[in-house]
2 protein chains.
Amino acid sequence: MRHARLPASEEIALEDVFHALSDPFRLEVVRRLAVEGEQSCQALEGDRPKSSVSHHFRVLREAGLIRTRNKGVSRMNALRRDDIEQRFPGLLACVVPKSGG
Amino acid sequence: MRHARLPASEEIALEDVFHALSDPFRLEVVRRLAVEGEQSCQALEGDRPKSSVSHHFRVLREAGLIRTRNKGVSRMNALRRDDIEQRFPGLLACVVPKSGG
DNA sequence: TCGATAGTTCGATATTTTTCGAACTTTGGC
DNA sequence: GCCAAAGTTCGAAAAATATCGAACTATCGA
């Protein structure tokens, strides 16, 4: 299983982040990861076939928004909060519902 | 000349804003409007033909990012700073170079 | 090792965007 | 009214994305 490339924090490009977040499904995924923490792809798929879900997670990963690790038979996706905050301070706050504040 | 619709502040959709800003040319336009203030389309066109420039300004307008008014023979485009800030506080700060502060 | 589960990759098709020329509209100046 | 300048709109062609099934990979448990 070849893993898709993960940009370093400094390499995250604003255009790519915006493109990734311009899709309603992906925006919702990011919001849920922000609120609920690390999740498997399956936990966030709607009715979509898995190839479509996988595609959207890949876009998020390549944009630098999420990181994926193996956990048993599934893969857990986590928002790269600190990396994003460091690179584009305040961006996440615009995206996620105000989280306990 | 039928004017493209301009969403009210409350109608501005985050997906649309992100889509509008995911294009390098449009992102640059927004940055320049932020720094230099109101500009004609011509002042910001690169080498592009005017139909292409017009298209990009329309995307920005329909996303709710800019407002356009007639000024003599040209049209001046202004960033909808307050509307955007009201709807998505902090978003513009992620996009524009830190402006004296 | 076999089967099941969770994702990924590939390939083809569909949809959306972008690009650009040509024709058109609006405004200003003569 | 006529011409030029600045944009807009239309239409067609090119490019980028999204969708989805099928085949493939990796991990767990029996």
# chains A, B, ... in the order shown; residues from 1 in each chain; ligands from 1
$ interface_residues --of "chain D" --to "chain A" --cutoff "10 Å" --atoms "only C-alpha atoms (C1' of nucleotides)" --output "PyMOL selection string"
chain D and resi 18-21+24-28
$ closest_atom_pairs --of "chain B" --to "chain A" --cutoff "12 Å" --atoms "only C-alpha atoms" --output "Markdown table"
| residue | atom | partner | partner_atom | distance |
| --- | --- | --- | --- | --- |
| B:Ala13 | CA | A:Ser22 | CA | 9.9 |
| B:Leu14 | CA | A:Ser22 | CA | 7.6 |
| B:Glu15 | CA | A:Ser22 | CA | 4.4 |
| B:Asp16 | CA | A:Ser22 | CA | 6.6 |
| B:Val17 | CA | A:Ser22 | CA | 7.6 |
| B:Phe18 | CA | A:Phe18 | CA | 4.8 |
| B:His19 | CA | A:Ser22 | CA | 4.8 |
| B:Ala20 | CA | A:Phe18 | CA | 8.4 |
| B:Leu21 | CA | A:Phe18 | CA | 6.3 |
| B:Ser22 | CA | A:Glu15 | CA | 4.4 |
| B:Asp23 | CA | A:Glu15 | CA | 6.4 |
| B:Pro24 | CA | A:Glu15 | CA | 6.6 |
| B:Phe25 | CA | A:Glu15 | CA | 10.1 |
| B:Arg26 | CA | A:Glu15 | CA | 9.9 |
| B:Leu27 | CA | A:Glu15 | CA | 7.8 |
| B:Glu28 | CA | A:Glu15 | CA | 10.4 |
| B:Ala63 | CA | A:Ser22 | CA | 11.5 |
| B:Ile84 | CA | A:Cys94 | CA | 11.0 |
| B:Glu85 | CA | A:Cys94 | CA | 10.2 |
| B:Gln86 | CA | A:Cys94 | CA | 11.2 |
| B:Arg87 | CA | A:Cys94 | CA | 9.4 |
| B:Phe88 | CA | A:Cys94 | CA | 5.8 |
| B:Pro89 | CA | A:Cys94 | CA | 6.6 |
| B:Gly90 | CA | A:Gly90 | CA | 6.0 |
| B:Leu91 | CA | A:Cys94 | CA | 6.1 |
| B:Leu92 | CA | A:Leu91 | CA | 9.1 |
| B:Ala93 | CA | A:Gly90 | CA | 7.8 |
| B:Cys94 | CA | A:Phe88 | CA | 5.8 |
| B:Val95 | CA | A:Leu14 | CA | 8.0 |
| B:Val96 | CA | A:Phe88 | CA | 10.8 |
| B:Pro97 | CA | A:Phe88 | CA | 11.2 |
| B:Lys98 | CA | A:Pro89 | CA | 11.5 |
$ write_last_selection --atoms "N, CA and C atoms" --output "compact mmCIF listing (two decimals), in the first residue's frame"
# COMPACT_ATOMS: atom_id res chain seq x y z
N ALA B 13 -21.65 31.73 1.24
CA ALA B 13 -21.42 30.33 1.62
C ALA B 13 -19.93 30.04 1.66
N LEU B 14 -19.53 29.37 2.72
CA LEU B 14 -18.11 29.09 2.91
C LEU B 14 -17.53 28.28 1.76
N GLU B 15 -18.27 27.29 1.27
CA GLU B 15 -17.80 26.49 0.14
C GLU B 15 -17.50 27.38 -1.07
N ASP B 16 -18.41 28.32 -1.33
CA ASP B 16 -18.23 29.19 -2.48
C ASP B 16 -17.01 30.09 -2.31
N VAL B 17 -16.84 30.59 -1.11
CA VAL B 17 -15.68 31.43 -0.82
C VAL B 17 -14.40 30.63 -1.04
N PHE B 18 -14.39 29.41 -0.52
CA PHE B 18 -13.20 28.58 -0.68
C PHE B 18 -12.96 28.25 -2.14
N HIS B 19 -14.01 27.94 -2.85
CA HIS B 19 -13.82 27.66 -4.27
C HIS B 19 -13.25 28.88 -4.98
N ALA B 20 -13.81 30.02 -4.69
CA ALA B 20 -13.34 31.25 -5.35
C ALA B 20 -11.86 31.48 -5.06
N LEU B 21 -11.45 31.18 -3.85
CA LEU B 21 -10.07 31.47 -3.46
C LEU B 21 -9.09 30.35 -3.81
N SER B 22 -9.60 29.28 -4.37
CA SER B 22 -8.71 28.15 -4.69
C SER B 22 -7.98 28.35 -6.01
N ASP B 23 -8.32 29.40 -6.72
CA ASP B 23 -7.62 29.70 -7.97
C ASP B 23 -6.55 30.76 -7.71
N PRO B 24 -5.33 30.52 -8.17
CA PRO B 24 -4.22 31.42 -7.88
C PRO B 24 -4.45 32.86 -8.37
N PHE B 25 -5.06 32.99 -9.54
CA PHE B 25 -5.31 34.33 -10.05
C PHE B 25 -6.30 35.07 -9.16
N ARG B 26 -7.37 34.36 -8.79
CA ARG B 26 -8.39 35.00 -7.96
C ARG B 26 -7.87 35.31 -6.57
N LEU B 27 -7.06 34.42 -6.04
CA LEU B 27 -6.49 34.67 -4.72
C LEU B 27 -5.62 35.92 -4.76
N GLU B 28 -4.85 36.05 -5.83
CA GLU B 28 -4.00 37.22 -5.98
C GLU B 28 -4.82 38.50 -6.13
N ALA B 63 -19.44 34.68 -5.33
CA ALA B 63 -19.09 34.05 -4.05
C ALA B 63 -19.32 35.04 -2.90
N ILE B 84 -17.50 40.10 4.79
CA ILE B 84 -16.79 38.84 4.96
C ILE B 84 -16.38 38.65 6.42
N GLU B 85 -15.89 39.74 6.99
CA GLU B 85 -15.45 39.67 8.38
C GLU B 85 -16.61 39.33 9.31
N GLN B 86 -17.77 39.91 8.98
CA GLN B 86 -18.95 39.65 9.80
C GLN B 86 -19.38 38.19 9.70
N ARG B 87 -19.34 37.69 8.47
CA ARG B 87 -19.84 36.32 8.23
C ARG B 87 -18.82 35.28 8.67
N PHE B 88 -17.56 35.50 8.35
CA PHE B 88 -16.51 34.55 8.70
C PHE B 88 -15.32 35.27 9.33
N PRO B 89 -15.46 35.60 10.60
CA PRO B 89 -14.42 36.39 11.27
C PRO B 89 -13.07 35.72 11.17
N GLY B 90 -12.08 36.47 10.78
CA GLY B 90 -10.72 35.95 10.75
C GLY B 90 -10.30 35.36 9.42
N LEU B 91 -11.27 35.14 8.54
CA LEU B 91 -10.93 34.50 7.27
C LEU B 91 -10.00 35.37 6.42
N LEU B 92 -10.34 36.63 6.30
CA LEU B 92 -9.52 37.50 5.46
C LEU B 92 -8.09 37.60 5.97
N ALA B 93 -7.95 37.58 7.27
CA ALA B 93 -6.61 37.68 7.85
C ALA B 93 -5.73 36.52 7.42
N CYS B 94 -6.33 35.38 7.11
CA CYS B 94 -5.53 34.23 6.66
C CYS B 94 -5.08 34.40 5.22
N VAL B 95 -5.78 35.24 4.51
CA VAL B 95 -5.59 35.33 3.07
C VAL B 95 -4.65 36.46 2.69
N VAL B 96 -4.85 37.58 3.31
CA VAL B 96 -4.11 38.77 2.90
C VAL B 96 -2.83 38.91 3.71
N PRO B 97 -1.80 39.43 3.07
CA PRO B 97 -0.55 39.69 3.79
C PRO B 97 -0.87 40.59 4.97
N LYS B 98 -0.23 40.34 6.07
CA LYS B 98 -0.52 41.12 7.28
C LYS B 98 -0.44 42.61 6.97
$ select_by_dssp --residues "stretch 4-91 of chain B" --states "alpha helix (DSSP H)" --output "ChimeraX atom specification"
/B:14-21,24-36,41-44,50-63,81-87,91
$ atom_distance --atom1 "atom CA of A:Ala78" --atom2 "atom CA of A:Ile66"
5.4 Å
$ interface_residues --of "chain C" --to "chain A" --cutoff "9 Å" --atoms "only C-alpha atoms (C1' of nucleotides)" --output "list in words"
DT5, DA6, DG7, DT8 and DT9 of chain C
$ closest_residue --among "B:Asp83, B:Met76, B:Val35, B:Pro7" --to "B:Phe57" --atoms "only C-alpha atoms"
B:Met76
$ select_by_dssp --residues "chain B" --states "strand (DSSP E or B)" --output "list in words"
Gln39, Ser40, Ile66, Arg67, Thr68, Arg69, Asn70, Lys71, Ser74, Arg75, Met76, Asn77, Ala78 and Leu79 of chain B
$ atom_distance --atom1 "atom C1' of C:DT25" --atom2 "atom CA of B:Arg5"
17.7 Å
$ atom_distance --atom1 "atom CA of A:Glu45" --atom2 "atom CA of A:Arg67"
16.9 Å
$ residues_around --residues "C:DC30" --least-positions-apart "5" --cutoff "12 Å" --atoms "only C-alpha atoms (C1' of nucleotides)" --output "list in words"
DG1, DC2, DC3 and DA4 of chain D
$ decode --residues "stretch 4-17 of chain C" --atoms "all heavy atoms" --output "compact mmCIF listing (two decimals), in the first residue's frame"
# COMPACT_ATOMS: atom_id res chain seq x y z
P DA C 4 -16.15 -14.91 3.98
OP1 DA C 4 -17.51 -15.40 4.25
OP2 DA C 4 -15.70 -14.62 2.59
O5' DA C 4 -15.91 -13.61 4.86
C5' DA C 4 -15.87 -13.73 6.28
C4' DA C 4 -15.46 -12.39 6.88
O4' DA C 4 -14.04 -12.22 6.71
C3' DA C 4 -16.13 -11.20 6.20
O3' DA C 4 -16.59 -10.29 7.19
C2' DA C 4 -15.02 -10.60 5.35
C1' DA C 4 -13.78 -10.94 6.17
N9 DA C 4 -12.56 -11.01 5.38
C8 DA C 4 -12.38 -11.61 4.16
N7 DA C 4 -11.15 -11.50 3.70
C5 DA C 4 -10.49 -10.78 4.68
C6 DA C 4 -9.16 -10.34 4.80
N6 DA C 4 -8.23 -10.56 3.88
N1 DA C 4 -8.83 -9.64 5.91
C2 DA C 4 -9.77 -9.41 6.83
N3 DA C 4 -11.04 -9.78 6.84
C4 DA C 4 -11.34 -10.47 5.73
P DT C 5 -17.36 -8.95 6.75
OP1 DT C 5 -18.51 -8.83 7.66
OP2 DT C 5 -17.53 -8.96 5.28
O5' DT C 5 -16.31 -7.81 7.11
C5' DT C 5 -15.61 -7.86 8.34
C4' DT C 5 -14.61 -6.71 8.38
O4' DT C 5 -13.44 -7.06 7.60
C3' DT C 5 -15.16 -5.41 7.76
O3' DT C 5 -14.79 -4.33 8.60
C2' DT C 5 -14.50 -5.35 6.41
C1' DT C 5 -13.16 -6.02 6.70
N1 DT C 5 -12.47 -6.63 5.54
C2 DT C 5 -11.11 -6.48 5.44
O2 DT C 5 -10.45 -5.86 6.26
N3 DT C 5 -10.54 -7.07 4.34
C4 DT C 5 -11.18 -7.79 3.36
O4 DT C 5 -10.54 -8.27 2.43
C5 DT C 5 -12.61 -7.92 3.53
C7 DT C 5 -13.41 -8.68 2.50
C6 DT C 5 -13.18 -7.34 4.60
P DA C 6 -15.26 -2.83 8.23
OP1 DA C 6 -15.53 -2.16 9.52
OP2 DA C 6 -16.28 -2.88 7.16
O5' DA C 6 -13.94 -2.20 7.62
C5' DA C 6 -12.78 -2.08 8.44
C4' DA C 6 -11.73 -1.27 7.72
O4' DA C 6 -11.15 -2.09 6.68
C3' DA C 6 -12.28 -0.02 7.02
O3' DA C 6 -11.34 1.03 7.17
C2' DA C 6 -12.41 -0.45 5.57
C1' DA C 6 -11.26 -1.44 5.43
N9 DA C 6 -11.45 -2.47 4.41
C8 DA C 6 -12.62 -3.10 4.05
N7 DA C 6 -12.46 -3.99 3.10
C5 DA C 6 -11.11 -3.94 2.81
C6 DA C 6 -10.30 -4.64 1.89
N6 DA C 6 -10.77 -5.57 1.05
N1 DA C 6 -9.00 -4.35 1.87
C2 DA C 6 -8.52 -3.44 2.71
N3 DA C 6 -9.17 -2.71 3.63
C4 DA C 6 -10.47 -3.02 3.61
P DG C 7 -11.81 2.57 6.96
OP1 DG C 7 -11.40 3.34 8.11
OP2 DG C 7 -13.23 2.56 6.51
O5' DG C 7 -10.89 3.02 5.77
C5' DG C 7 -10.72 2.17 4.74
C4' DG C 7 -9.31 2.25 4.17
O4' DG C 7 -9.11 0.99 3.53
C3' DG C 7 -9.22 3.34 3.11
O3' DG C 7 -7.89 3.86 3.03
C2' DG C 7 -9.59 2.61 1.86
C1' DG C 7 -9.10 1.18 2.13
N9 DG C 7 -10.01 0.20 1.55
C8 DG C 7 -11.36 0.03 1.78
N7 DG C 7 -11.89 -0.91 1.03
C5 DG C 7 -10.83 -1.39 0.28
C6 DG C 7 -10.78 -2.40 -0.70
O6 DG C 7 -11.72 -3.10 -1.12
N1 DG C 7 -9.51 -2.58 -1.21
C2 DG C 7 -8.40 -1.86 -0.82
N2 DG C 7 -7.26 -2.15 -1.41
N3 DG C 7 -8.42 -0.92 0.10
C4 DG C 7 -9.66 -0.73 0.60
P DT C 8 -7.55 5.03 1.98
OP1 DT C 8 -6.45 5.80 2.60
OP2 DT C 8 -8.77 5.69 1.52
O5' DT C 8 -6.93 4.21 0.77
C5' DT C 8 -5.78 3.41 0.99
C4' DT C 8 -5.29 2.83 -0.33
O4' DT C 8 -6.26 1.85 -0.80
C3' DT C 8 -5.12 3.85 -1.46
O3' DT C 8 -3.85 3.65 -2.05
C2' DT C 8 -6.26 3.54 -2.42
C1' DT C 8 -6.50 2.06 -2.17
N1 DT C 8 -7.88 1.57 -2.41
C2 DT C 8 -8.07 0.58 -3.35
O2 DT C 8 -7.17 0.08 -4.01
N3 DT C 8 -9.37 0.17 -3.49
C4 DT C 8 -10.48 0.65 -2.81
O4 DT C 8 -11.60 0.19 -3.02
C5 DT C 8 -10.20 1.69 -1.86
C7 DT C 8 -11.33 2.28 -1.07
C6 DT C 8 -8.93 2.10 -1.70
P DT C 9 -3.29 4.65 -3.16
OP1 DT C 9 -1.82 4.62 -3.04
OP2 DT C 9 -4.05 5.91 -3.12
O5' DT C 9 -3.68 3.88 -4.51
C5' DT C 9 -3.16 2.59 -4.74
C4' DT C 9 -3.68 2.06 -6.06
O4' DT C 9 -5.08 1.70 -5.94
C3' DT C 9 -3.59 3.05 -7.23
O3' DT C 9 -2.95 2.37 -8.30
C2' DT C 9 -5.03 3.40 -7.53
C1' DT C 9 -5.77 2.15 -7.08
N1 DT C 9 -7.17 2.30 -6.65
C2 DT C 9 -8.11 1.42 -7.15
O2 DT C 9 -7.84 0.55 -7.95
N3 DT C 9 -9.38 1.59 -6.67
C4 DT C 9 -9.80 2.54 -5.76
O4 DT C 9 -10.98 2.59 -5.40
C5 DT C 9 -8.78 3.44 -5.29
C7 DT C 9 -9.14 4.51 -4.31
C6 DT C 9 -7.53 3.27 -5.75
P DC C 10 -2.53 3.16 -9.64
OP1 DC C 10 -1.20 2.67 -10.03
OP2 DC C 10 -2.76 4.62 -9.46
O5' DC C 10 -3.59 2.62 -10.69
C5' DC C 10 -3.92 1.23 -10.67
C4' DC C 10 -5.04 0.95 -11.67
O4' DC C 10 -6.32 1.09 -11.03
C3' DC C 10 -5.06 1.88 -12.88
O3' DC C 10 -5.26 1.09 -14.05
C2' DC C 10 -6.23 2.80 -12.61
C1' DC C 10 -7.17 1.90 -11.81
N1 DC C 10 -8.09 2.60 -10.89
C2 DC C 10 -9.43 2.18 -10.82
O2 DC C 10 -9.81 1.27 -11.55
N3 DC C 10 -10.26 2.80 -9.96
C4 DC C 10 -9.81 3.78 -9.18
N4 DC C 10 -10.67 4.34 -8.33
C5 DC C 10 -8.46 4.22 -9.23
C6 DC C 10 -7.64 3.61 -10.09
P DG C 11 -4.95 1.75 -15.51
OP1 DG C 11 -4.13 0.75 -16.23
OP2 DG C 11 -4.48 3.15 -15.38
O5' DG C 11 -6.40 1.76 -16.17
C5' DG C 11 -7.36 0.79 -15.80
C4' DG C 11 -8.71 1.17 -16.38
O4' DG C 11 -9.53 1.77 -15.35
C3' DG C 11 -8.65 2.20 -17.51
O3' DG C 11 -9.67 1.92 -18.45
C2' DG C 11 -8.88 3.51 -16.80
C1' DG C 11 -9.91 3.08 -15.74
N9 DG C 11 -9.94 3.91 -14.55
C8 DG C 11 -8.91 4.67 -14.04
N7 DG C 11 -9.24 5.34 -12.95
C5 DG C 11 -10.57 4.98 -12.74
C6 DG C 11 -11.46 5.37 -11.72
O6 DG C 11 -11.26 6.13 -10.77
N1 DG C 11 -12.71 4.78 -11.87
C2 DG C 11 -13.06 3.91 -12.88
N2 DG C 11 -14.29 3.45 -12.87
N3 DG C 11 -12.22 3.54 -13.84
C4 DG C 11 -11.01 4.11 -13.71
P DA C 12 -9.72 2.72 -19.85
OP1 DA C 12 -9.26 1.81 -20.92
OP2 DA C 12 -9.10 4.06 -19.71
O5' DA C 12 -11.30 2.94 -20.01
C5' DA C 12 -12.22 2.07 -19.36
C4' DA C 12 -13.50 2.82 -19.05
O4' DA C 12 -13.36 3.50 -17.78
C3' DA C 12 -13.82 3.91 -20.08
O3' DA C 12 -15.21 3.86 -20.40
C2' DA C 12 -13.46 5.20 -19.37
C1' DA C 12 -13.76 4.85 -17.92
N9 DA C 12 -13.01 5.65 -16.96
C8 DA C 12 -11.69 6.02 -17.02
N7 DA C 12 -11.30 6.76 -16.02
C5 DA C 12 -12.43 6.89 -15.24
C6 DA C 12 -12.68 7.56 -14.03
N6 DA C 12 -11.75 8.25 -13.37
N1 DA C 12 -13.93 7.49 -13.51
C2 DA C 12 -14.86 6.79 -14.17
N3 DA C 12 -14.74 6.12 -15.31
C4 DA C 12 -13.49 6.21 -15.80
P DT C 13 -15.78 4.89 -21.53
OP1 DT C 13 -16.56 4.10 -22.48
OP2 DT C 13 -14.67 5.76 -21.99
O5' DT C 13 -16.79 5.78 -20.68
C5' DT C 13 -17.63 5.16 -19.71
C4' DT C 13 -18.29 6.22 -18.85
O4' DT C 13 -17.31 6.78 -17.94
C3' DT C 13 -18.85 7.39 -19.65
O3' DT C 13 -20.18 7.61 -19.20
C2' DT C 13 -17.92 8.55 -19.33
C1' DT C 13 -17.44 8.18 -17.94
N1 DT C 13 -16.15 8.76 -17.50
C2 DT C 13 -16.11 9.41 -16.29
O2 DT C 13 -17.08 9.54 -15.57
N3 DT C 13 -14.87 9.90 -15.94
C4 DT C 13 -13.72 9.81 -16.66
O4 DT C 13 -12.68 10.30 -16.23
C5 DT C 13 -13.83 9.12 -17.93
C7 DT C 13 -12.62 8.99 -18.80
C6 DT C 13 -15.02 8.63 -18.28
P DA C 14 -21.06 8.83 -19.80
OP1 DA C 14 -22.45 8.36 -19.92
OP2 DA C 14 -20.38 9.44 -20.96
O5' DA C 14 -21.03 9.86 -18.60
C5' DA C 14 -21.51 9.43 -17.32
C4' DA C 14 -21.40 10.58 -16.35
O4' DA C 14 -20.02 10.91 -16.13
C3' DA C 14 -22.07 11.86 -16.87
O3' DA C 14 -22.71 12.45 -15.74
C2' DA C 14 -20.89 12.69 -17.37
C1' DA C 14 -19.80 12.29 -16.40
N9 DA C 14 -18.42 12.41 -16.88
C8 DA C 14 -17.89 11.99 -18.07
N7 DA C 14 -16.60 12.22 -18.19
C5 DA C 14 -16.26 12.83 -16.99
C6 DA C 14 -15.05 13.32 -16.48
N6 DA C 14 -13.90 13.28 -17.15
N1 DA C 14 -15.06 13.88 -15.26
C2 DA C 14 -16.22 13.94 -14.59
N3 DA C 14 -17.42 13.50 -14.95
C4 DA C 14 -17.37 12.95 -16.18
P DT C 15 -23.78 13.65 -15.98
OP1 DT C 15 -25.00 13.30 -15.21
OP2 DT C 15 -23.84 13.98 -17.43
O5' DT C 15 -23.09 14.85 -15.22
C5' DT C 15 -22.44 14.58 -13.98
C4' DT C 15 -21.50 15.68 -13.66
O4' DT C 15 -20.25 15.53 -14.37
C3' DT C 15 -22.02 17.08 -14.02
O3' DT C 15 -22.09 17.80 -12.80
C2' DT C 15 -20.98 17.62 -15.01
C1' DT C 15 -19.75 16.82 -14.64
N1 DT C 15 -18.69 16.65 -15.66
C2 DT C 15 -17.40 17.02 -15.31
O2 DT C 15 -17.12 17.50 -14.23
N3 DT C 15 -16.46 16.82 -16.27
C4 DT C 15 -16.67 16.28 -17.52
O4 DT C 15 -15.73 16.13 -18.28
C5 DT C 15 -18.04 15.91 -17.83
C7 DT C 15 -18.36 15.33 -19.16
C6 DT C 15 -18.97 16.11 -16.88
P DT C 16 -22.54 19.35 -12.77
OP1 DT C 16 -23.19 19.63 -11.47
OP2 DT C 16 -23.19 19.72 -14.04
O5' DT C 16 -21.10 20.06 -12.73
C5' DT C 16 -20.10 19.50 -11.89
C4' DT C 16 -18.88 20.39 -11.88
O4' DT C 16 -18.01 20.06 -12.99
C3' DT C 16 -19.17 21.89 -12.01
O3' DT C 16 -18.35 22.54 -11.05
C2' DT C 16 -18.80 22.20 -13.46
C1' DT C 16 -17.68 21.21 -13.71
N1 DT C 16 -17.48 20.75 -15.12
C2 DT C 16 -16.19 20.72 -15.63
O2 DT C 16 -15.21 21.10 -15.00
N3 DT C 16 -16.08 20.23 -16.91
C4 DT C 16 -17.10 19.78 -17.71
O4 DT C 16 -16.86 19.35 -18.83
C5 DT C 16 -18.43 19.85 -17.13
C7 DT C 16 -19.61 19.41 -17.94
C6 DT C 16 -18.55 20.32 -15.87
P DT C 17 -18.36 24.12 -10.78
OP1 DT C 17 -18.58 24.39 -9.36
OP2 DT C 17 -19.19 24.80 -11.78
O5' DT C 17 -16.82 24.43 -11.08
C5' DT C 17 -16.31 24.02 -12.28
C4' DT C 17 -14.89 24.41 -12.44
O4' DT C 17 -14.50 23.80 -13.66
C3' DT C 17 -14.66 25.92 -12.61
O3' DT C 17 -13.34 26.24 -12.15
C2' DT C 17 -14.86 26.09 -14.10
C1' DT C 17 -14.35 24.77 -14.68
N1 DT C 17 -15.09 24.27 -15.87
C2 DT C 17 -14.36 23.84 -16.96
O2 DT C 17 -13.14 23.88 -17.00
N3 DT C 17 -15.09 23.39 -18.01
C4 DT C 17 -16.47 23.31 -18.10
O4 DT C 17 -17.01 22.86 -19.11
C5 DT C 17 -17.19 23.76 -16.92
C7 DT C 17 -18.68 23.72 -16.92
C6 DT C 17 -16.47 24.22 -15.88
